[in-house]
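Just final-v4.pdb here, PDB, C-alpha atoms, pLDDT in the B column:
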```
ATOM      1  CA  GLU A   1      94.632  48.474  50.667  1.00 82.00           C
ATOM      2  CA  ALA A   2      93.396  50.055  53.904  1.00 84.00           C
ATOM      3  CA  GLN A   3      91.069  52.892  53.027  1.00 93.00           C
ATOM      4  CA  VAL A   4      88.703  55.403  54.520  1.00 96.00           C
ATOM      5  CA  THR A   5      86.565  56.830  51.741  1.00 97.00           C
ATOM      6  CA  GLN A   6      84.560  60.020  52.011  1.00 97.00           C
ATOM      7  CA  ASN A   7      82.015  61.468  49.609  1.00 97.00           C
ATOM      8  CA  PRO A   8      81.561  64.053  48.331  1.00 97.00           C
ATOM      9  CA  ARG A   9      85.083  65.437  48.340  1.00 96.00           C
ATOM     10  CA  TYR A  10      83.874  68.922  47.435  1.00 96.00           C
ATOM     11  CA  LEU A  11      80.445  70.451  47.922  1.00 95.00           C
ATOM     12  CA  ILE A  12      78.928  73.910  47.782  1.00 96.00           C
ATOM     13  CA  THR A  13      75.440  74.066  49.228  1.00 95.00           C
ATOM     14  CA  VAL A  14      72.927  76.620  50.451  1.00 96.00           C
ATOM     15  CA  THR A  15      71.864  77.398  53.990  1.00 97.00           C
ATOM     16  CA  GLY A  16      69.197  75.035  55.256  1.00 96.00           C
ATOM     17  CA  LYS A  17      69.497  72.364  52.581  1.00 97.00           C
ATOM     18  CA  LYS A  18      70.044  69.024  54.290  1.00 97.00           C
ATOM     19  CA  LEU A  19      73.122  67.118  53.263  1.00 96.00           C
ATOM     20  CA  THR A  20      74.935  63.928  54.115  1.00 97.00           C
ATOM     21  CA  VAL A  21      78.646  63.229  53.904  1.00 98.00           C
ATOM     22  CA  THR A  22      79.297  59.524  53.648  1.00 98.00           C
ATOM     23  CA  CYS A  23      82.237  57.665  55.161  1.00 98.00           C
ATOM     24  CA  SER A  24      83.157  54.063  54.543  1.00 98.00           C
ATOM     25  CA  GLN A  25      86.126  51.985  55.739  1.00 97.00           C
ATOM     26  CA  ASN A  26      87.301  48.602  54.473  1.00 95.00           C
ATOM     27  CA  MET A  27      89.273  47.483  57.543  1.00 93.00           C
ATOM     28  CA  ASN A  28      86.438  46.116  59.695  1.00 93.00           C
ATOM     29  CA  HIS A  29      87.255  48.768  62.290  1.00 93.00           C
ATOM     30  CA  GLU A  30      85.006  49.199  65.293  1.00 92.00           C
ATOM     31  CA  TYR A  31      85.866  52.828  66.057  1.00 92.00           C
ATOM     32  CA  MET A  32      84.972  55.643  63.677  1.00 94.00           C
ATOM     33  CA  SER A  33      84.856  59.386  64.134  1.00 94.00           C
ATOM     34  CA  TRP A  34      84.309  62.713  62.405  1.00 97.00           C
ATOM     35  CA  TYR A  35      86.463  65.841  62.663  1.00 96.00           C
ATOM     36  CA  ARG A  36      86.350  69.304  61.260  1.00 97.00           C
ATOM     37  CA  GLN A  37      89.454  71.319  60.543  1.00 95.00           C
ATOM     38  CA  ASP A  38      89.419  75.098  60.552  1.00 94.00           C
ATOM     39  CA  PRO A  39      92.318  77.555  60.191  1.00 89.00           C
ATOM     40  CA  GLY A  40      93.777  78.443  63.568  1.00 86.00           C
ATOM     41  CA  LEU A  41      91.610  75.900  65.386  1.00 89.00           C
ATOM     42  CA  GLY A  42      93.092  72.621  64.276  1.00 87.00           C
ATOM     43  CA  LEU A  43      91.187  69.342  64.139  1.00 92.00           C
ATOM     44  CA  ARG A  44      88.163  69.113  66.408  1.00 94.00           C
ATOM     45  CA  GLN A  45      86.122  66.001  66.988  1.00 92.00           C
ATOM     46  CA  ILE A  46      82.427  66.192  66.101  1.00 95.00           C
ATOM     47  CA  TYR A  47      81.109  62.704  66.885  1.00 95.00           C
ATOM     48  CA  TYR A  48      82.537  59.267  67.375  1.00 93.00           C
ATOM     49  CA  SER A  49      81.251  55.712  67.374  1.00 93.00           C
ATOM     50  CA  MET A  50      82.660  52.815  69.376  1.00 90.00           C
ATOM     51  CA  ASN A  51      80.673  50.243  67.411  1.00 92.00           C
ATOM     52  CA  VAL A  52      77.423  49.650  65.542  1.00 94.00           C
ATOM     53  CA  GLU A  53      74.538  51.581  67.109  1.00 94.00           C
ATOM     54  CA  VAL A  54      76.901  53.231  69.624  1.00 93.00           C
ATOM     55  CA  THR A  55      77.644  56.922  69.045  1.00 94.00           C
ATOM     56  CA  ASP A  56      78.678  59.810  71.256  1.00 92.00           C
ATOM     57  CA  LYS A  57      79.337  63.529  71.049  1.00 92.00           C
ATOM     58  CA  GLY A  58      82.794  64.956  70.578  1.00 89.00           C
ATOM     59  CA  ASP A  59      83.839  68.537  71.222  1.00 88.00           C
ATOM     60  CA  VAL A  60      81.707  70.300  68.596  1.00 94.00           C
ATOM     61  CA  PRO A  61      78.529  68.270  67.920  1.00 96.00           C
ATOM     62  CA  GLU A  62      76.053  71.143  67.525  1.00 96.00           C
ATOM     63  CA  GLY A  63      74.346  71.137  64.135  1.00 97.00           C
ATOM     64  CA  TYR A  64      75.425  67.603  63.230  1.00 98.00           C
ATOM     65  CA  LYS A  65      73.944  64.144  63.444  1.00 97.00           C
ATOM     66  CA  VAL A  66      75.475  60.721  62.848  1.00 97.00           C
ATOM     67  CA  SER A  67      74.325  57.147  62.604  1.00 96.00           C
ATOM     68  CA  ARG A  68      76.116  53.802  62.695  1.00 97.00           C
ATOM     69  CA  LYS A  69      73.851  51.109  61.325  1.00 97.00           C
ATOM     70  CA  GLU A  70      76.646  49.114  59.719  1.00 96.00           C
ATOM     71  CA  LYS A  71      80.196  48.616  60.873  1.00 96.00           C
ATOM     72  CA  ARG A  72      81.785  49.969  57.723  1.00 97.00           C
ATOM     73  CA  ASN A  73      79.718  53.167  57.336  1.00 98.00           C
ATOM     74  CA  PHE A  74      79.475  56.291  59.470  1.00 98.00           C
ATOM     75  CA  PRO A  75      77.625  59.106  57.680  1.00 98.00           C
ATOM     76  CA  LEU A  76      77.663  62.704  58.912  1.00 98.00           C
ATOM     77  CA  ILE A  77      74.358  64.515  58.530  1.00 98.00           C
ATOM     78  CA  LEU A  78      73.852  68.260  58.459  1.00 97.00           C
ATOM     79  CA  GLU A  79      70.100  68.702  58.872  1.00 95.00           C
ATOM     80  CA  SER A  80      70.080  72.458  58.290  1.00 97.00           C
ATOM     81  CA  PRO A  81      73.553  73.641  57.289  1.00 97.00           C
ATOM     82  CA  SER A  82      74.667  77.129  58.176  1.00 97.00           C
ATOM     83  CA  PRO A  83      77.638  79.168  56.917  1.00 97.00           C
ATOM     84  CA  ASN A  84      79.583  78.502  60.144  1.00 96.00           C
ATOM     85  CA  GLN A  85      79.687  74.854  59.132  1.00 98.00           C
ATOM     86  CA  THR A  86      81.843  75.711  56.157  1.00 97.00           C
ATOM     87  CA  SER A  87      84.929  73.634  56.848  1.00 97.00           C
ATOM     88  CA  LEU A  88      87.131  70.716  55.870  1.00 96.00           C
ATOM     89  CA  TYR A  89      85.736  67.490  57.279  1.00 98.00           C
ATOM     90  CA  PHE A  90      87.626  64.273  57.979  1.00 97.00           C
ATOM     91  CA  CYS A  91      86.388  60.823  58.805  1.00 97.00           C
ATOM     92  CA  ALA A  92      88.687  58.454  60.683  1.00 94.00           C
ATOM     93  CA  SER A  93      88.672  54.843  61.827  1.00 94.00           C
ATOM     94  CA  SER A  94      90.697  52.555  64.057  1.00 89.00           C
ATOM     95  CA  GLU A  95      90.603  49.004  65.374  1.00 86.00           C
ATOM     96  CA  GLY A  96      88.768  49.721  68.585  1.00 75.00           C
ATOM     97  CA  ALA A  97      88.955  52.867  70.681  1.00 70.00           C
ATOM     98  CA  THR A  98      92.525  52.001  71.678  1.00 73.00           C
ATOM     99  CA  GLY A  99      93.756  51.098  68.211  1.00 75.00           C
ATOM    100  CA  ASN A 100      97.423  51.803  67.535  1.00 76.00           C
ATOM    101  CA  THR A 101      96.756  53.406  64.199  1.00 84.00           C
ATOM    102  CA  ILE A 102      93.995  55.826  63.295  1.00 87.00           C
ATOM    103  CA  TYR A 103      93.367  56.125  59.575  1.00 92.00           C
ATOM    104  CA  PHE A 104      91.951  59.278  58.049  1.00 94.00           C
ATOM    105  CA  GLY A 105      90.022  59.850  54.874  1.00 95.00           C
ATOM    106  CA  GLU A 106      91.089  62.394  52.278  1.00 94.00           C
ATOM    107  CA  GLY A 107      88.685  65.028  53.495  1.00 96.00           C
ATOM    108  CA  SER A 108      85.477  66.696  52.329  1.00 97.00           C
ATOM    109  CA  TRP A 109      85.520  70.405  51.578  1.00 96.00           C
ATOM    110  CA  LEU A 110      82.110  71.831  52.444  1.00 97.00           C
ATOM    111  CA  THR A 111      81.019  75.386  51.704  1.00 97.00           C
ATOM    112  CA  VAL A 112      77.645  76.637  52.915  1.00 97.00           C
ATOM    113  CA  VAL A 113      76.470  79.892  51.317  1.00 96.00           C
TER     114      VAL A 113
ATOM    115  CA  GLU B   1      90.498  69.607  80.395  1.00 81.00           C
ATOM    116  CA  ASP B   2      92.988  68.050  78.019  1.00 85.00           C
ATOM    117  CA  GLN B   3      95.399  70.411  76.298  1.00 91.00           C
ATOM    118  CA  VAL B   4      97.854  69.895  73.476  1.00 96.00           C
ATOM    119  CA  THR B   5     100.251  72.672  72.520  1.00 97.00           C
ATOM    120  CA  GLN B   6     102.646  72.407  69.620  1.00 97.00           C
ATOM    121  CA  SER B   7     105.659  74.601  69.023  1.00 97.00           C
ATOM    122  CA  PRO B   8     106.871  76.272  67.014  1.00 97.00           C
ATOM    123  CA  GLU B   9     103.848  77.141  64.880  1.00 96.00           C
ATOM    124  CA  ALA B  10     106.081  77.332  61.830  1.00 97.00           C
ATOM    125  CA  LEU B  11     109.626  76.256  61.141  1.00 98.00           C
ATOM    126  CA  ARG B  12     111.841  76.845  58.160  1.00 98.00           C
ATOM    127  CA  LEU B  13     114.920  74.666  57.731  1.00 97.00           C
ATOM    128  CA  GLN B  14     117.628  74.311  55.170  1.00 97.00           C
ATOM    129  CA  GLU B  15     117.966  70.868  53.647  1.00 97.00           C
ATOM    130  CA  GLY B  16     120.136  68.817  55.983  1.00 97.00           C
ATOM    131  CA  GLU B  17     119.549  71.080  58.992  1.00 97.00           C
ATOM    132  CA  SER B  18     118.250  68.847  61.801  1.00 98.00           C
ATOM    133  CA  SER B  19     115.705  70.135  64.313  1.00 98.00           C
ATOM    134  CA  SER B  20     112.927  69.106  66.692  1.00 98.00           C
ATOM    135  CA  LEU B  21     109.229  69.827  66.967  1.00 98.00           C
ATOM    136  CA  ASN B  22     107.608  69.957  70.397  1.00 98.00           C
ATOM    137  CA  CYS B  23     104.241  68.738  71.638  1.00 98.00           C
ATOM    138  CA  SER B  24     103.382  69.599  75.235  1.00 98.00           C
ATOM    139  CA  TYR B  25     100.302  67.989  76.716  1.00 97.00           C
ATOM    140  CA  THR B  26      98.098  67.620  79.742  1.00 94.00           C
ATOM    141  CA  VAL B  27      95.658  64.739  79.641  1.00 89.00           C
ATOM    142  CA  SER B  28      93.502  62.693  81.994  1.00 84.00           C
ATOM    143  CA  GLY B  29      94.902  59.216  81.606  1.00 87.00           C
ATOM    144  CA  LEU B  30      97.066  59.032  78.500  1.00 89.00           C
ATOM    145  CA  ARG B  31      96.036  56.253  76.144  1.00 89.00           C
ATOM    146  CA  GLY B  32      98.398  57.161  73.382  1.00 92.00           C
ATOM    147  CA  LEU B  33     100.171  60.129  71.831  1.00 95.00           C
ATOM    148  CA  PHE B  34     100.002  60.257  68.067  1.00 94.00           C
ATOM    149  CA  TRP B  35     102.068  62.041  65.445  1.00 96.00           C
ATOM    150  CA  TYR B  36     100.674  62.717  61.986  1.00 95.00           C
ATOM    151  CA  ARG B  37     101.914  64.375  58.848  1.00 96.00           C
ATOM    152  CA  GLN B  38      99.445  66.411  56.805  1.00 96.00           C
ATOM    153  CA  ASP B  39     100.010  67.758  53.315  1.00 95.00           C
ATOM    154  CA  PRO B  40      97.861  70.667  52.092  1.00 90.00           C
ATOM    155  CA  GLY B  41      94.322  69.567  51.239  1.00 85.00           C
ATOM    156  CA  LYS B  42      94.995  65.965  52.314  1.00 90.00           C
ATOM    157  CA  GLY B  43      94.034  63.799  55.240  1.00 92.00           C
ATOM    158  CA  PRO B  44      96.479  63.308  58.116  1.00 93.00           C
ATOM    159  CA  GLU B  45      98.923  60.483  57.501  1.00 93.00           C
ATOM    160  CA  PHE B  46      99.820  58.351  60.503  1.00 91.00           C
ATOM    161  CA  LEU B  47     103.438  58.414  61.654  1.00 95.00           C
ATOM    162  CA  PHE B  48     103.782  57.124  65.230  1.00 93.00           C
ATOM    163  CA  THR B  49     101.933  56.162  68.390  1.00 93.00           C
ATOM    164  CA  LEU B  50     103.684  56.369  71.757  1.00 95.00           C
ATOM    165  CA  TYR B  51     102.204  55.068  74.977  1.00 92.00           C
ATOM    166  CA  SER B  52     104.590  55.541  77.871  1.00 93.00           C
ATOM    167  CA  ALA B  53     107.362  57.855  79.002  1.00 95.00           C
ATOM    168  CA  GLY B  54     110.720  56.816  77.645  1.00 96.00           C
ATOM    169  CA  GLU B  55     109.304  55.233  74.535  1.00 96.00           C
ATOM    170  CA  GLU B  56     110.915  56.089  71.193  1.00 97.00           C
ATOM    171  CA  LYS B  57     109.993  55.249  67.620  1.00 96.00           C
ATOM    172  CA  GLU B  58     111.807  55.879  64.365  1.00 97.00           C
ATOM    173  CA  LYS B  59     110.906  55.997  60.710  1.00 94.00           C
ATOM    174  CA  GLU B  60     113.423  57.108  58.124  1.00 95.00           C
ATOM    175  CA  ARG B  61     114.509  60.644  59.103  1.00 96.00           C
ATOM    176  CA  LEU B  62     111.921  60.969  61.871  1.00 98.00           C
ATOM    177  CA  LYS B  63     112.205  59.969  65.499  1.00 98.00           C
ATOM    178  CA  ALA B  64     109.513  60.481  68.125  1.00 98.00           C
ATOM    179  CA  THR B  65     110.132  60.493  71.859  1.00 98.00           C
ATOM    180  CA  LEU B  66     107.819  60.780  74.845  1.00 97.00           C
ATOM    181  CA  THR B  67     108.092  62.081  78.404  1.00 95.00           C
ATOM    182  CA  LYS B  68     105.344  62.538  80.970  1.00 93.00           C
ATOM    183  CA  LYS B  69     104.693  66.083  79.793  1.00 95.00           C
ATOM    184  CA  GLU B  70     105.832  66.346  76.209  1.00 97.00           C
ATOM    185  CA  SER B  71     106.811  64.623  73.030  1.00 98.00           C
ATOM    186  CA  PHE B  72     109.422  65.562  70.479  1.00 98.00           C
ATOM    187  CA  LEU B  73     109.545  64.805  66.800  1.00 98.00           C
ATOM    188  CA  HIS B  74     113.172  64.923  65.760  1.00 98.00           C
ATOM    189  CA  ILE B  75     113.906  65.420  62.089  1.00 98.00           C
ATOM    190  CA  THR B  76     117.411  64.441  61.041  1.00 98.00           C
ATOM    191  CA  ALA B  77     118.897  65.835  57.832  1.00 97.00           C
ATOM    192  CA  PRO B  78     115.511  66.850  56.414  1.00 97.00           C
ATOM    193  CA  LYS B  79     114.757  66.956  52.714  1.00 97.00           C
ATOM    194  CA  PRO B  80     112.332  69.249  50.856  1.00 97.00           C
ATOM    195  CA  GLU B  81     109.822  66.385  50.658  1.00 97.00           C
ATOM    196  CA  ASP B  82     109.561  66.483  54.458  1.00 97.00           C
ATOM    197  CA  SER B  83     107.788  69.831  54.138  1.00 98.00           C
ATOM    198  CA  ALA B  84     104.303  69.438  55.628  1.00 98.00           C
ATOM    199  CA  THR B  85     102.291  70.226  58.717  1.00 97.00           C
ATOM    200  CA  TYR B  86     103.015  67.865  61.600  1.00 98.00           C
ATOM    201  CA  LEU B  87     100.176  67.211  64.008  1.00 97.00           C
ATOM    202  CA  CYS B  88     100.294  65.836  67.523  1.00 97.00           C
ATOM    203  CA  ALA B  89      97.269  64.314  69.250  1.00 94.00           C
ATOM    204  CA  VAL B  90      96.611  62.699  72.618  1.00 93.00           C
ATOM    205  CA  ARG B  91      93.973  60.146  73.482  1.00 88.00           C
ATOM    206  CA  ASN B  92      92.580  60.297  76.985  1.00 84.00           C
ATOM    207  CA  SER B  93      91.035  57.740  79.305  1.00 80.00           C
ATOM    208  CA  GLY B  94      87.649  58.410  77.722  1.00 75.00           C
ATOM    209  CA  TYR B  95      89.102  57.599  74.276  1.00 75.00           C
ATOM    210  CA  ALA B  96      88.636  61.127  72.947  1.00 77.00           C
ATOM    211  CA  LEU B  97      91.393  62.323  70.626  1.00 83.00           C
ATOM    212  CA  ASN B  98      92.587  65.912  71.061  1.00 89.00           C
ATOM    213  CA  PHE B  99      94.803  67.506  68.446  1.00 93.00           C
ATOM    214  CA  GLY B 100      97.290  70.324  68.665  1.00 95.00           C
ATOM    215  CA  LYS B 101      97.218  73.040  66.026  1.00 95.00           C
ATOM    216  CA  GLY B 102     100.252  71.693  64.273  1.00 96.00           C
ATOM    217  CA  THR B 103     103.714  72.820  63.214  1.00 97.00           C
ATOM    218  CA  SER B 104     104.118  73.890  59.614  1.00 97.00           C
ATOM    219  CA  LEU B 105     107.531  72.763  58.399  1.00 98.00           C
ATOM    220  CA  LEU B 106     109.219  74.113  55.276  1.00 98.00           C
ATOM    221  CA  VAL B 107     112.494  72.584  54.146  1.00 98.00           C
ATOM    222  CA  THR B 108     114.303  74.556  51.460  1.00 97.00           C
ATOM    223  CA  PRO B 109     116.965  73.143  49.106  1.00 96.00           C
TER     224      PRO B 109
END
```

Show this structure as structure tokens.
Amino acid sequence: EAQVTQNPRYLITVTGKKLTVTCSQNMNHEYMSWYRQDPGLGLRQIYYSMNVEVTDKGDVPEGYKVSRKEKRNFPLILESPSPNQTSLYFCASSEGATGNTIYFGEGSWLTVV
Amino acid sequence: EDQVTQSPEALRLQEGESSSLNCSYTVSGLRGLFWYRQDPGKGPEFLFTLYSAGEEKEKERLKATLTKKESFLHITAPKPEDSATYLCAVRNSGYALNFGKGTSLLVTP
């Protein structure tokens, strides 16, 4: 079954405490990306990766880092989380940047206090 | 700058009452217009991808159409289980995906 798996699904953390949200896909997809979803703002792209070792900024990259050392994994790193990064985060993948279908994970609810 | 505007923001229908959701867009080099369904607290679920004006796709009670400026998601004889937020997104020539804010659909029995 095609899956994009995110962990943790729910997290409450404190300001400044580094955290990583993992994302893994089992479809051998080249293209992966991260989004955040906030009320009234919709889904906004944070970072994306066209392939291993190739990453680029999306619309709202400030405060986030990513890495793509393996094709299946694309972790999102918050080096020093702040309350304005409280949000619902989604990882997505597709077969190449022009893939017909983009699959999303179930989401990670992050609260920074 | 790419823009995606969905209307209405919210729509309430009676079961069986057909209607359409609109997605207006401006994009630099369209490389696909996507429709997703999202249930509360869940990830977006893929519905359709359209690539060129005139293209249409159907799935059960849903039909998506595309023109050069907008896309419609037609819902025929909706059922309560069709209640969800429907998202539209466009992919531009640089492969970035831009989402609209969605239409929240409620279908009552």

Next on the checklist: I want to know what sits within 9 Å of Thr101 of chain A, based on only C-alpha atoms, with residues of the same chain fewer than 4 positions away left out; could you give that as a PyMOL selection string?
Outcome noted: (chain A and resi 93-95) or (chain B and resi 34+46-49)

Mind checking which residues fall within 12 Å of Lys63 of chain B, counting all atoms listed in the file, ignoring those fewer than 4 positions away in the same chain, and posting them as a PDB file with C-alpha atoms, keeping the file's coordinate frame?
```
ATOM      1  CA  SER B  18     118.250  68.847  61.801  1.00 98.00           C
ATOM      2  CA  SER B  19     115.705  70.135  64.313  1.00 98.00           C
ATOM      3  CA  SER B  20     112.927  69.106  66.692  1.00 98.00           C
ATOM      4  CA  LEU B  21     109.229  69.827  66.967  1.00 98.00           C
ATOM      5  CA  TRP B  35     102.068  62.041  65.445  1.00 96.00           C
ATOM      6  CA  LEU B  47     103.438  58.414  61.654  1.00 95.00           C
ATOM      7  CA  PHE B  48     103.782  57.124  65.230  1.00 93.00           C
ATOM      8  CA  THR B  49     101.933  56.162  68.390  1.00 93.00           C
ATOM      9  CA  LEU B  50     103.684  56.369  71.757  1.00 95.00           C
ATOM     10  CA  GLU B  55     109.304  55.233  74.535  1.00 96.00           C
ATOM     11  CA  GLU B  56     110.915  56.089  71.193  1.00 97.00           C
ATOM     12  CA  LYS B  57     109.993  55.249  67.620  1.00 96.00           C
ATOM     13  CA  GLU B  58     111.807  55.879  64.365  1.00 97.00           C
ATOM     14  CA  LYS B  59     110.906  55.997  60.710  1.00 94.00           C
ATOM     15  CA  SER B  71     106.811  64.623  73.030  1.00 98.00           C
ATOM     16  CA  PHE B  72     109.422  65.562  70.479  1.00 98.00           C
ATOM     17  CA  LEU B  73     109.545  64.805  66.800  1.00 98.00           C
ATOM     18  CA  HIS B  74     113.172  64.923  65.760  1.00 98.00           C
ATOM     19  CA  ILE B  75     113.906  65.420  62.089  1.00 98.00           C
ATOM     20  CA  THR B  76     117.411  64.441  61.041  1.00 98.00           C
ATOM     21  CA  ALA B  77     118.897  65.835  57.832  1.00 97.00           C
ATOM     22  CA  PRO B  78     115.511  66.850  56.414  1.00 97.00           C
TER      23      PRO B  78
END
```

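The set of residues that the PyMOL selection byres ((chain A) within 6 of (chain B)) takes from this file is Gly42, Leu43, Ala97, Phe104, Gly105, Glu106 and Gly107 of chain A.
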
Next on the checklist: Can you translate the PyMOL selection byres ((chain A and resi 73) around 12) into the concrete residues it hits in this file, as a VMD selection string?
Outcome noted: chain A and resid 4 to 7 21 to 34 49 51 to 53 66 to 72 74 to 76 91 to 93

Just say which residues the PyMOL selection byres ((chain B and resi 86) around 7) picks in this file, as a PDB file with C-alpha atoms, in the coordinates of the input.
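After the write, result_24.pdb holds the following:
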```pdb
ATOM      1  CA  TYR B  36     100.674  62.717  61.986  1.00 95.00           C
ATOM      2  CA  ARG B  37     101.914  64.375  58.848  1.00 96.00           C
ATOM      3  CA  GLN B  38      99.445  66.411  56.805  1.00 96.00           C
ATOM      4  CA  ALA B  84     104.303  69.438  55.628  1.00 98.00           C
ATOM      5  CA  THR B  85     102.291  70.226  58.717  1.00 97.00           C
ATOM      6  CA  LEU B  87     100.176  67.211  64.008  1.00 97.00           C
ATOM      7  CA  CYS B  88     100.294  65.836  67.523  1.00 97.00           C
ATOM      8  CA  GLY B 102     100.252  71.693  64.273  1.00 96.00           C
ATOM      9  CA  THR B 103     103.714  72.820  63.214  1.00 97.00           C
ATOM     10  CA  SER B 104     104.118  73.890  59.614  1.00 97.00           C
TER      11      SER B 104
END
```

Checklist entry - What does the distance between atom CA of Val27 of chain B and atom CA of Gly63 of chain A come to in Å, to one decimal place? => result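 Atom-to-atom, atom CA of Val27 of chain B to atom CA of Gly63 of chain A, that is 27.1 Å.
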
Item to check | Close residues, Thr13 of chain A itself excluded, 12 Å, all atoms listed in the file, min 2 positions apart in chain, as a PyMOL selection string | outcome: chain A and resi 8+10-11+15-20+78+80-83+85-86+109-113

Checklist entry - When you draw a straight line from atom CA of Asp2 of chain B to atom CA of Gly99 of chain A, how long is it in Å? => result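 Separating atom CA of Asp2 of chain B from atom CA of Gly99 of chain A is a distance of 19.6 Å.
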
Item to check | For atom CA of Ser108 of chain A and atom CA of Lys79 of chain B, the interatomic separation in Å (one decimal) | outcome: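 A separation of 29.3 Å between them.
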
Checklist entry - From the list B:Glu70, B:Glu15, B:Glu1, B:Asp39, which residue is nearest Val107 of chain B when using only C-alpha atoms? => result B:Glu15

Could you rebuild segment 77-93 of chain A with N, CA and C atoms and give it back as a short mmCIF file (atom, residue, chain, number, x, y, z; two decimals), in the frame of the given file?
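Written out: out17.cif:
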```cif
data_model
loop_
_atom_site.label_atom_id
_atom_site.label_comp_id
_atom_site.auth_asym_id
_atom_site.auth_seq_id
_atom_site.Cartn_x
_atom_site.Cartn_y
_atom_site.Cartn_z
N ILE A 77 75.55 63.86 59.05
CA ILE A 77 74.36 64.52 58.53
C ILE A 77 74.29 65.95 59.04
N LEU A 78 74.10 66.87 58.10
CA LEU A 78 73.85 68.26 58.46
C LEU A 78 72.40 68.55 58.10
N GLU A 79 71.54 68.58 59.11
CA GLU A 79 70.10 68.70 58.87
C GLU A 79 69.74 70.06 58.27
N SER A 80 70.35 71.11 58.78
CA SER A 80 70.08 72.46 58.29
C SER A 80 71.39 73.24 58.30
N PRO A 81 72.21 73.04 57.28
CA PRO A 81 73.55 73.64 57.29
C PRO A 81 73.52 75.16 57.38
N SER A 82 74.51 75.68 58.07
CA SER A 82 74.67 77.13 58.18
C SER A 82 76.08 77.50 57.74
N PRO A 83 76.31 78.77 57.40
CA PRO A 83 77.64 79.17 56.92
C PRO A 83 78.78 78.84 57.88
N ASN A 84 78.50 78.81 59.20
CA ASN A 84 79.58 78.50 60.14
C ASN A 84 79.97 77.02 60.14
N GLN A 85 79.30 76.24 59.32
CA GLN A 85 79.69 74.85 59.13
C GLN A 85 80.54 74.66 57.88
N THR A 86 80.87 75.76 57.24
CA THR A 86 81.84 75.71 56.16
C THR A 86 83.19 75.29 56.73
N SER A 87 83.73 74.20 56.23
CA SER A 87 84.93 73.63 56.85
C SER A 87 85.44 72.47 56.01
N LEU A 88 86.58 71.94 56.43
CA LEU A 88 87.13 70.72 55.87
C LEU A 88 86.85 69.60 56.86
N TYR A 89 86.16 68.56 56.40
CA TYR A 89 85.74 67.49 57.28
C TYR A 89 86.53 66.21 57.00
N PHE A 90 86.90 65.53 58.09
CA PHE A 90 87.63 64.27 57.98
C PHE A 90 86.91 63.18 58.76
N CYS A 91 86.85 62.02 58.14
CA CYS A 91 86.39 60.82 58.80
C CYS A 91 87.61 60.00 59.16
N ALA A 92 87.55 59.27 60.26
CA ALA A 92 88.69 58.45 60.68
C ALA A 92 88.19 57.14 61.26
N SER A 93 89.04 56.12 61.22
CA SER A 93 88.67 54.84 61.83
C SER A 93 89.89 54.18 62.44
#
```
